[in-house]
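Everything on this sheet refers to the single structure shown next.
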Amino acid sequence: MTDTRITSLLAWEALDSRGTPTVACEVLLACGARGQAMAPSGASTGTHEAAELRDADHRYAGRAVTRAVANVETTLAEAVHGLDALDRSAVDTALLATDTDAALSNVGANAVLAVSVAAALAAADARRMPLYRSVLDAGAAPLLPLPMVNVISGGAHAGGAIDIQDILVVPVGADSFRQALEWCWSVRRGTAMAAEQRGLSTALVADEGGLAFPLTRNRDAFDLVTEGIHRAGLEPGTQAAIAVDVAATQFFQDGRYLLRTEDRALTSAELISEFTEWTTTYPLISIEDLLAEDDWDGWEQATVQLASTQLLGDDLFVTNPARLQRGITHHVGNAVLVKPNQIGTLTQARSVVRAAHDANYRTVLSARSGDTEDSWLADLAVGWRTGQIKVGSTMRSERTAKWNRLLHIERELGAAAEFAGCDAIRR
């Protein structure tokens with residue numbers, strides 16, 4: 001019988017896609033199986049997220065992670081030594097027990113996540129199967145997700161070029177993942193052509209590979225992407241729709257939403273009304289973080305007013321079971337963005353996906369703006385059957401690593417490949 005007990009952990013300081021240090025970890029099992037993972041990091045982060053541990057000294061302008069790395073090889077290694085890697089719940093429970101703070105500020109959520117993922121990969125290696133099969137529930141089939149692809153960026157991802165953080169394309173009419181990704185590529189290309197025709201430079205891209213340029217109005221980004229859909233030869237709304245990550249927490253101040261691009265300050269009701277109008281003007285199908293992370297009253301109003309639109313909570317829910325349950329209880333939002341590093345372990349993130357599905361909330365598995373060449377997120381989307389995935393644009397290797405992995409899985413599954421398609425997002 002294969003011995004899948006954890007025997008050792010190796011950790012080191014690696015670099016993410018912004019060139020910022022992050023925690024890398026390798027987990028070794030008694031049978032020789034191993035798994036390696038790096039923790040991603042966000043720029044637009046909610047205050048309720050689990051806490052990264054950074055050195056705050058002279059190295060990397062205070063962003064170094066040598067303390068978190070040390071915690072992997074001492075505190076966390078001691079906690080999981082001898083545990084069966086196949087028992088993911090036991091491993092993750094042991095990791096969480098090392099910190100008296102639920103936010104993991106002492107050992108570092110970045111350290112905990114790196115171990116959690118690496119252990120899951122080691123378990124899959126021991127079972128001689130890909131991660132997506134290793135994490136599947138009994139009796140469930142793999143499900144390829146509908147991609148949500150970044151086209152234009154602003155906010156914290158692009159130096160505030162526009163107030164809204166991301167405008168994305170969703171290929172709702174595609175019949176396969178391969179076709180979906182091709183359509184997204186075509187829309188991004190069409191949008192770039194439309195921007196160049198208006199005299200905008202497309203030479204620089206934002207953190208997640210989206211186009212980044214200053215615009216006079218936030219709605220100009222919707223105009224450009226809609227034109228990009230047309231230039232791609234697709235029908236707006238039927239074949240390709242638009243999603244937006246507002247990241248409203250980033251421009252919420254003193255009870256108002258400050259749109260600096262347009263020199264306007266709006267109330268929650270006014271911002272909701274503006275987006276309600278945009279859903280009739282544009283093929284807008286999904287709105288992420290429409291309001292600030294603790295504007296619960298505004299979110300309740302938005303959920304009623306925009307009932308036919310996917311209202312996606314990121315900063316609102318932060319992959320936290322308790323915050324999601326509050327949303328479910330009070331009918332706030334109807335979809336949750338799932339980012340494992342917001343909570344610390346894969347077991348916790350998986351519980352959020354399950355709770356969301358049980359409550360008929362949609363789920364979108366998401367990368368971070370500071371990500372790595374790791375592709376495990378793609379496997380989780382397929383194995384957890386999240387239905388949707390959001391990892392950035394169709395360029396930059398930390399983004400394409402996930403897309404390429406999904407293309408590989410689709411080819412591997414062959415005729416058995418099931419694609420979520422528009423059912424994953426249409427309400």
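Following the order of the structure tokens, chains are lettered A, B, ..., residues in each are numbered from 1, and ligands are numbered from 1.
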Please extract the residues of segment 334-413 of chain A with a backbone DSSP assignment of strand (DSSP E) and present them as a PyMOL selection string.
chain A and resi 335-338+362-366+387-392
Dump N, CA, C and O atoms for the selected residues as a PDB file, in the first residue's frame?
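Dumped everything to result-v4.pdb:
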ATOM      1  N   ALA A 335     -23.810  35.627  -6.646  1.00  0.00           N
ATOM      2  CA  ALA A 335     -22.632  34.887  -7.105  1.00  0.00           C
ATOM      3  C   ALA A 335     -21.447  35.272  -6.231  1.00  0.00           C
ATOM      4  O   ALA A 335     -21.391  36.383  -5.682  1.00  0.00           O
ATOM      5  N   VAL A 336     -20.492  34.338  -6.124  1.00  0.00           N
ATOM      6  CA  VAL A 336     -19.325  34.598  -5.282  1.00  0.00           C
ATOM      7  C   VAL A 336     -18.042  34.336  -6.067  1.00  0.00           C
ATOM      8  O   VAL A 336     -17.934  33.327  -6.777  1.00  0.00           O
ATOM      9  N   LEU A 337     -17.101  35.265  -5.965  1.00  0.00           N
ATOM     10  CA  LEU A 337     -15.773  35.078  -6.528  1.00  0.00           C
ATOM     11  C   LEU A 337     -14.954  34.295  -5.502  1.00  0.00           C
ATOM     12  O   LEU A 337     -14.933  34.655  -4.319  1.00  0.00           O
ATOM     13  N   VAL A 338     -14.308  33.237  -5.944  1.00  0.00           N
ATOM     14  CA  VAL A 338     -13.560  32.370  -5.038  1.00  0.00           C
ATOM     15  C   VAL A 338     -12.073  32.511  -5.303  1.00  0.00           C
ATOM     16  O   VAL A 338     -11.590  32.205  -6.391  1.00  0.00           O
ATOM     17  N   ARG A 362     -24.005  31.441  -8.080  1.00  0.00           N
ATOM     18  CA  ARG A 362     -22.994  31.083  -9.073  1.00  0.00           C
ATOM     19  C   ARG A 362     -21.609  31.216  -8.439  1.00  0.00           C
ATOM     20  O   ARG A 362     -21.423  31.967  -7.470  1.00  0.00           O
ATOM     21  N   THR A 363     -20.629  30.508  -9.001  1.00  0.00           N
ATOM     22  CA  THR A 363     -19.261  30.612  -8.497  1.00  0.00           C
ATOM     23  C   THR A 363     -18.289  30.873  -9.635  1.00  0.00           C
ATOM     24  O   THR A 363     -18.414  30.311 -10.726  1.00  0.00           O
ATOM     25  N   VAL A 364     -17.321  31.752  -9.371  1.00  0.00           N
ATOM     26  CA  VAL A 364     -16.267  32.090 -10.322  1.00  0.00           C
ATOM     27  C   VAL A 364     -14.936  31.907  -9.607  1.00  0.00           C
ATOM     28  O   VAL A 364     -14.636  32.620  -8.645  1.00  0.00           O
ATOM     29  N   LEU A 365     -14.131  30.956 -10.046  1.00  0.00           N
ATOM     30  CA  LEU A 365     -12.807  30.778  -9.461  1.00  0.00           C
ATOM     31  C   LEU A 365     -11.873  31.803 -10.077  1.00  0.00           C
ATOM     32  O   LEU A 365     -11.869  31.998 -11.302  1.00  0.00           O
ATOM     33  N   SER A 366     -11.067  32.470  -9.237  1.00  0.00           N
ATOM     34  CA  SER A 366     -10.286  33.610  -9.728  1.00  0.00           C
ATOM     35  C   SER A 366      -8.832  33.565  -9.310  1.00  0.00           C
ATOM     36  O   SER A 366      -8.490  33.182  -8.191  1.00  0.00           O
ATOM     37  N   GLY A 387     -17.902  26.309 -12.756  1.00  0.00           N
ATOM     38  CA  GLY A 387     -18.720  26.835 -13.846  1.00  0.00           C
ATOM     39  C   GLY A 387     -18.121  28.031 -14.554  1.00  0.00           C
ATOM     40  O   GLY A 387     -18.318  28.211 -15.751  1.00  0.00           O
ATOM     41  N   GLN A 388     -17.384  28.868 -13.814  1.00  0.00           N
ATOM     42  CA  GLN A 388     -16.750  30.046 -14.404  1.00  0.00           C
ATOM     43  C   GLN A 388     -15.337  30.188 -13.846  1.00  0.00           C
ATOM     44  O   GLN A 388     -15.059  29.759 -12.720  1.00  0.00           O
ATOM     45  N   ILE A 389     -14.474  30.829 -14.642  1.00  0.00           N
ATOM     46  CA  ILE A 389     -13.111  31.103 -14.183  1.00  0.00           C
ATOM     47  C   ILE A 389     -12.671  32.462 -14.720  1.00  0.00           C
ATOM     48  O   ILE A 389     -13.051  32.878 -15.818  1.00  0.00           O
ATOM     49  N   LYS A 390     -11.872  33.146 -13.913  1.00  0.00           N
ATOM     50  CA  LYS A 390     -11.389  34.485 -14.254  1.00  0.00           C
ATOM     51  C   LYS A 390      -9.913  34.550 -13.880  1.00  0.00           C
ATOM     52  O   LYS A 390      -9.580  34.530 -12.691  1.00  0.00           O
ATOM     53  N   VAL A 391      -9.036  34.603 -14.874  1.00  0.00           N
ATOM     54  CA  VAL A 391      -7.601  34.628 -14.554  1.00  0.00           C
ATOM     55  C   VAL A 391      -6.856  35.778 -15.216  1.00  0.00           C
ATOM     56  O   VAL A 391      -5.633  35.877 -15.085  1.00  0.00           O
ATOM     57  N   GLY A 392      -7.565  36.664 -15.925  1.00  0.00           N
ATOM     58  CA  GLY A 392      -6.890  37.786 -16.572  1.00  0.00           C
ATOM     59  C   GLY A 392      -7.141  37.773 -18.063  1.00  0.00           C
ATOM     60  O   GLY A 392      -8.169  37.294 -18.542  1.00  0.00           O
TER      61      GLY A 392
END
Test item: residues at most 8 Å from Thr249 of chain A, only C-alpha atoms, excluding those fewer than 2 positions along its chain, as a PDB file with C-alpha atoms, in the first residue's frame:
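out.pdb written:
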ATOM      1  CA  GLY A  46     -10.525  43.569   0.741  1.00  0.00           C
ATOM      2  CA  ALA A 247     -13.917  47.217  -7.323  1.00  0.00           C
ATOM      3  CA  PHE A 251     -13.091  54.512  -4.599  1.00  0.00           C
ATOM      4  CA  PHE A 252     -15.547  54.552  -1.690  1.00  0.00           C
ATOM      5  CA  ASP A 289     -18.115  44.447  -6.470  1.00  0.00           C
ATOM      6  CA  LEU A 291     -20.573  48.509  -4.148  1.00  0.00           C
ATOM      7  CA  ALA A 292     -18.102  48.646  -1.261  1.00  0.00           C
ATOM      8  CA  GLU A 293     -17.276  45.635   0.891  1.00  0.00           C
ATOM      9  CA  ASP A 315     -14.421  42.119  -1.486  1.00  0.00           C
TER      10      ASP A 315
END
Closest pair table for segment 290-340 of chain A residues within 9 Å of segment 279-285 of chain A, only C-alpha atoms, as a tab-separated table:
residue	atom	partner	partner_atom	distance
A:Leu306	CA	A:Thr279	CA	8.7
A:Ser308	CA	A:Ile285	CA	8.4
A:Thr309	CA	A:Ile285	CA	5.5
A:Gln310	CA	A:Ile285	CA	6.2
A:Leu311	CA	A:Ile285	CA	8.9
With only C-alpha atoms as the atoms that count, which of A:Arg264, A:Arg67, A:Lys402, A:Arg18 lies nearest to Asn106 of chain A?
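Looking only at the distances to Asn106 of chain A, the closest residue turns out to be A:Arg67.
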What's the 10 Å shell around Val80 of chain A, counting only C-alpha atoms, without same-chain residues fewer than 6 positions away, as a ChimeraX atom specification?
/A:5-9,90-95,115,119
Would you mind exporting all heavy atoms of the selected residues as a JSON list (two decimals), in the first residue's frame?
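Result went into selection.json, see below:
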[["chain", "number", "residue", "atom", "x", "y", "z"],
["A", 5, "ARG", "N", 1.98, 9.56, 3.70],
["A", 5, "ARG", "CA", 2.22, 10.48, 4.81],
["A", 5, "ARG", "C", 3.20, 11.58, 4.39],
["A", 5, "ARG", "O", 4.13, 11.34, 3.62],
["A", 5, "ARG", "CB", 2.77, 9.73, 6.01],
["A", 5, "ARG", "CG", 1.76, 8.83, 6.72],
["A", 5, "ARG", "CD", 2.45, 8.05, 7.82],
["A", 5, "ARG", "NE", 3.51, 7.18, 7.27],
["A", 5, "ARG", "CZ", 4.44, 6.60, 8.00],
["A", 5, "ARG", "NH1", 4.47, 6.79, 9.32],
["A", 5, "ARG", "NH2", 5.35, 5.83, 7.42],
["A", 6, "ILE", "N", 2.99, 12.77, 4.92],
["A", 6, "ILE", "CA", 3.88, 13.91, 4.65],
["A", 6, "ILE", "C", 5.16, 13.73, 5.46],
["A", 6, "ILE", "O", 5.12, 13.53, 6.68],
["A", 6, "ILE", "CB", 3.20, 15.24, 5.01],
["A", 6, "ILE", "CG1", 1.98, 15.47, 4.10],
["A", 6, "ILE", "CG2", 4.18, 16.40, 4.88],
["A", 6, "ILE", "CD1", 1.13, 16.67, 4.49],
["A", 7, "THR", "N", 6.31, 13.79, 4.76],
["A", 7, "THR", "CA", 7.60, 13.61, 5.45],
["A", 7, "THR", "C", 8.39, 14.89, 5.58],
["A", 7, "THR", "O", 9.13, 15.06, 6.55],
["A", 7, "THR", "CB", 8.45, 12.57, 4.71],
["A", 7, "THR", "OG1", 8.64, 12.98, 3.35],
["A", 7, "THR", "CG2", 7.78, 11.20, 4.74],
["A", 8, "SER", "N", 8.27, 15.80, 4.60],
["A", 8, "SER", "CA", 9.06, 17.03, 4.70],
["A", 8, "SER", "C", 8.48, 18.14, 3.84],
["A", 8, "SER", "O", 7.76, 17.89, 2.87],
["A", 8, "SER", "CB", 10.52, 16.77, 4.28],
["A", 8, "SER", "OG", 10.59, 16.39, 2.92],
["A", 9, "LEU", "N", 8.82, 19.37, 4.23],
["A", 9, "LEU", "CA", 8.42, 20.57, 3.49],
["A", 9, "LEU", "C", 9.67, 21.39, 3.18],
["A", 9, "LEU", "O", 10.54, 21.55, 4.04],
["A", 9, "LEU", "CB", 7.46, 21.44, 4.31],
["A", 9, "LEU", "CG", 5.95, 21.17, 4.19],
["A", 9, "LEU", "CD1", 5.61, 19.76, 4.66],
["A", 9, "LEU", "CD2", 5.18, 22.21, 5.01],
["A", 90, "ALA", "N", -7.84, 17.01, 7.14],
["A", 90, "ALA", "CA", -6.96, 16.90, 8.31],
["A", 90, "ALA", "C", -5.72, 17.77, 8.14],
["A", 90, "ALA", "O", -5.27, 18.43, 9.09],
["A", 90, "ALA", "CB", -6.55, 15.44, 8.52],
["A", 91, "VAL", "N", -5.15, 17.78, 6.94],
["A", 91, "VAL", "CA", -3.96, 18.59, 6.68],
["A", 91, "VAL", "C", -4.29, 20.06, 6.86],
["A", 91, "VAL", "O", -3.57, 20.80, 7.55],
["A", 91, "VAL", "CB", -3.42, 18.32, 5.26],
["A", 91, "VAL", "CG1", -2.31, 19.32, 4.91],
["A", 91, "VAL", "CG2", -2.89, 16.89, 5.15],
["A", 92, "ASP", "N", -5.37, 20.52, 6.25],
["A", 92, "ASP", "CA", -5.71, 21.95, 6.33],
["A", 92, "ASP", "C", -6.15, 22.36, 7.73],
["A", 92, "ASP", "O", -5.85, 23.47, 8.18],
["A", 92, "ASP", "CB", -6.81, 22.27, 5.31],
["A", 92, "ASP", "CG", -6.29, 22.27, 3.88],
["A", 92, "ASP", "OD1", -5.05, 22.27, 3.70],
["A", 92, "ASP", "OD2", -7.10, 22.26, 2.94],
["A", 93, "THR", "N", -6.81, 21.48, 8.44],
["A", 93, "THR", "CA", -7.17, 21.77, 9.82],
["A", 93, "THR", "C", -5.92, 21.95, 10.68],
["A", 93, "THR", "O", -5.86, 22.85, 11.52],
["A", 93, "THR", "CB", -8.05, 20.65, 10.41],
["A", 93, "THR", "OG1", -9.26, 20.56, 9.66],
["A", 93, "THR", "CG2", -8.38, 20.90, 11.87],
["A", 94, "ALA", "N", -4.94, 21.11, 10.46],
["A", 94, "ALA", "CA", -3.68, 21.22, 11.21],
["A", 94, "ALA", "C", -2.96, 22.53, 10.88],
["A", 94, "ALA", "O", -2.37, 23.17, 11.77],
["A", 94, "ALA", "CB", -2.77, 20.03, 10.88],
["A", 95, "LEU", "N", -3.00, 22.93, 9.62],
["A", 95, "LEU", "CA", -2.38, 24.20, 9.23],
["A", 95, "LEU", "C", -3.05, 25.38, 9.93],
["A", 95, "LEU", "O", -2.38, 26.27, 10.47],
["A", 95, "LEU", "CB", -2.46, 24.38, 7.71],
["A", 95, "LEU", "CG", -1.63, 23.42, 6.85],
["A", 95, "LEU", "CD1", -1.96, 23.61, 5.37],
["A", 95, "LEU", "CD2", -0.13, 23.63, 7.09],
["A", 115, "VAL", "N", 1.40, 25.68, 1.35],
["A", 115, "VAL", "CA", 1.46, 24.31, 1.86],
["A", 115, "VAL", "C", 0.18, 23.55, 1.50],
["A", 115, "VAL", "O", 0.24, 22.39, 1.07],
["A", 115, "VAL", "CB", 1.67, 24.30, 3.39],
["A", 115, "VAL", "CG1", 1.66, 22.87, 3.91],
["A", 115, "VAL", "CG2", 2.97, 25.00, 3.76],
["A", 119, "ALA", "N", 0.38, 20.29, -0.84],
["A", 119, "ALA", "CA", -0.03, 19.00, -0.28],
["A", 119, "ALA", "C", -1.09, 18.34, -1.16],
["A", 119, "ALA", "O", -1.06, 17.11, -1.36],
["A", 119, "ALA", "CB", -0.56, 19.19, 1.13]]
Point-to-point distance from atom CA of Ala126 of chain A to atom CA of Ala30 of chain A, Å rounded to tenths:
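Atom CA of Ala30 of chain A lies at a distance of 9.7 Å from atom CA of Ala126 of chain A.
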Quote the spacing between atom CA of Val117 of chain A and atom CA of Tyr361 of chain A in Å to one decimal place.
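These atoms are spaced 24.8 Å apart.
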Which residues of segment 13-83 of chain A come within 12 Å of segment 140-157 of chain A, and for each one, what is the closest pair of atoms and their distance in Å to one decimal, counting only C-alpha atoms, sorted by chain and residue number, as a tab-separated table?
residue	atom	partner	partner_atom	distance
A:Arg18	CA	A:His157	CA	10.8
A:Gly42	CA	A:His157	CA	9.6
A:Ala43	CA	A:Ala156	CA	6.5
A:Ser44	CA	A:Ala156	CA	5.9
A:Thr45	CA	A:Ala156	CA	9.6
Would you put the residues from that selection into a file with N, CA and C atoms, as a PDB file, in the first residue's frame?
ATOM      1  N   ARG A  18       4.341  40.381 -10.679  1.00  0.00           N
ATOM      2  CA  ARG A  18       4.716  41.793 -10.523  1.00  0.00           C
ATOM      3  C   ARG A  18       6.164  41.931 -10.059  1.00  0.00           C
ATOM      4  N   GLY A  42      -2.827  39.680  -4.239  1.00  0.00           N
ATOM      5  CA  GLY A  42      -3.676  40.683  -4.877  1.00  0.00           C
ATOM      6  C   GLY A  42      -3.193  42.100  -4.646  1.00  0.00           C
ATOM      7  N   ALA A  43      -3.658  43.011  -5.520  1.00  0.00           N
ATOM      8  CA  ALA A  43      -3.388  44.445  -5.350  1.00  0.00           C
ATOM      9  C   ALA A  43      -4.633  45.134  -4.801  1.00  0.00           C
ATOM     10  N   SER A  44      -5.775  44.810  -5.398  1.00  0.00           N
ATOM     11  CA  SER A  44      -7.053  45.323  -4.931  1.00  0.00           C
ATOM     12  C   SER A  44      -7.592  44.319  -3.923  1.00  0.00           C
ATOM     13  N   THR A  45      -7.250  44.513  -2.661  1.00  0.00           N
ATOM     14  CA  THR A  45      -7.588  43.528  -1.633  1.00  0.00           C
ATOM     15  C   THR A  45      -8.628  44.068  -0.661  1.00  0.00           C
TER      16      THR A  45
END
When you look at Gly298 of chain A with a cut-off of 10 Å (counting only C-alpha atoms), what residues show up, excluding the ones that are within fewer than 2 positions of it in the same chain? I need them as a PyMOL selection string.
chain A and resi 267-269+271-272+290-292+294-296+300-303+332
Enumerate, as a VMD selection string, the complete set of residues in segment 191-308 of chain A that a backbone-based DSSP assignment places in alpha helix (DSSP H).
chain A and resid 191 to 197 219 to 231 268 to 281 296 to 305
For C-alpha atoms, I'd like the residues from the last selection saved as a compact mmCIF listing (two decimals), in the first residue's frame.
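Generated file (out_33.txt):
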# COMPACT_ATOMS: atom_id res chain seq x y z
CA THR A 191 -10.97 46.24 -28.95
CA ALA A 192 -7.30 47.09 -29.45
CA MET A 193 -7.99 47.95 -33.08
CA ALA A 194 -10.90 50.19 -32.05
CA ALA A 195 -8.72 51.93 -29.46
CA GLU A 196 -5.89 52.52 -31.94
CA GLN A 197 -8.36 54.01 -34.41
CA ARG A 219 -18.56 54.07 -20.00
CA ASP A 220 -16.11 54.67 -22.85
CA ALA A 221 -14.56 51.31 -21.89
CA PHE A 222 -17.93 49.61 -22.46
CA ASP A 223 -18.21 51.32 -25.85
CA LEU A 224 -14.78 50.05 -26.86
CA VAL A 225 -15.38 46.45 -25.79
CA THR A 226 -18.80 46.41 -27.47
CA GLU A 227 -17.11 47.60 -30.66
CA GLY A 228 -14.47 44.93 -30.12
CA ILE A 229 -17.22 42.29 -30.06
CA HIS A 230 -18.54 43.60 -33.38
CA ARG A 231 -15.06 43.65 -34.92
CA SER A 268 -25.10 53.87 -3.48
CA ALA A 269 -28.53 54.39 -5.06
CA GLU A 270 -27.09 56.61 -7.78
CA LEU A 271 -24.34 54.13 -8.64
CA ILE A 272 -26.86 51.28 -8.77
CA SER A 273 -29.09 53.33 -11.06
CA GLU A 274 -26.18 54.09 -13.35
CA PHE A 275 -25.33 50.42 -13.75
CA THR A 276 -29.00 49.52 -14.17
CA GLU A 277 -29.08 51.88 -17.14
CA TRP A 278 -25.85 50.37 -18.51
CA THR A 279 -27.36 46.87 -18.45
CA THR A 280 -29.93 48.10 -20.96
CA THR A 281 -27.38 49.98 -23.09
CA TRP A 296 -24.68 45.73 2.89
CA ASP A 297 -27.78 47.92 2.62
CA GLY A 298 -26.73 49.10 -0.83
CA TRP A 299 -26.02 45.52 -1.89
CA GLU A 300 -29.51 44.46 -0.82
CA GLN A 301 -31.00 47.23 -2.95
CA ALA A 302 -28.79 46.30 -5.90
CA THR A 303 -29.78 42.63 -5.68
CA VAL A 304 -33.44 43.55 -6.05
CA GLN A 305 -32.90 46.14 -8.77
Residues at most 10 Å from Ala123 of chain A, counting only C-alpha atoms, excluding those fewer than 6 positions away in the same chain, as a PDB file with C-alpha atoms, in the first residue's frame?
ATOM      1  CA  THR A   4       1.105   8.972   1.522  1.00  0.00           C
ATOM      2  CA  ARG A   5       2.220  10.484   4.812  1.00  0.00           C
ATOM      3  CA  ILE A   6       3.882  13.911   4.647  1.00  0.00           C
ATOM      4  CA  VAL A  27       5.660  18.915  -0.045  1.00  0.00           C
ATOM      5  CA  LEU A  28       7.300  15.462  -0.105  1.00  0.00           C
ATOM      6  CA  LEU A  29       5.484  12.243   0.799  1.00  0.00           C
ATOM      7  CA  ALA A  33       5.329  11.754  -4.490  1.00  0.00           C
ATOM      8  CA  ARG A  34       5.660  15.502  -4.325  1.00  0.00           C
ATOM      9  CA  GLY A  35       3.772  18.703  -5.031  1.00  0.00           C
ATOM     10  CA  ASP A  84      -1.889  11.511   5.327  1.00  0.00           C
ATOM     11  CA  ALA A  85      -1.838  13.929   2.375  1.00  0.00           C
ATOM     12  CA  LEU A  86      -4.937  12.224   0.981  1.00  0.00           C
ATOM     13  CA  ASP A  87      -6.887  13.534   3.973  1.00  0.00           C
ATOM     14  CA  ARG A  88      -6.999  17.150   2.831  1.00  0.00           C
ATOM     15  CA  VAL A 117      -1.970  23.547  -2.415  1.00  0.00           C
ATOM     16  CA  MET A 129      -3.879  11.357 -11.443  1.00  0.00           C
ATOM     17  CA  PRO A 130      -4.225  15.047 -12.395  1.00  0.00           C
ATOM     18  CA  LEU A 131      -5.324  17.437  -9.657  1.00  0.00           C
ATOM     19  CA  SER A 134      -8.080  14.102  -7.420  1.00  0.00           C
ATOM     20  CA  VAL A 135     -10.396  16.837  -6.066  1.00  0.00           C
TER      21      VAL A 135
END
Counting only C-alpha atoms, the option among A:Val107, A:Leu407, A:Leu234, A:Val205 closest to Val187 of chain A
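Checking each candidate against Val187 of chain A, we get A:Leu234 as the closest.
Distances to Leu96 of chain A were evaluated for A:Val170, A:Ala118, A:Ile343, A:Ala180 using only C-alpha atoms, and the minimum falls at A:Ile343.
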Taking only C-alpha atoms into account, name the residue in A:Arg188, A:Arg368, A:His408, A:Arg399 that is nearest to Gln342 of chain A.
A:Arg368
From the list A:Ala417, A:Ala111, A:Ile409, A:Met395, which residue is nearest Ala37 of chain A when using only C-alpha atoms?
A:Ala111
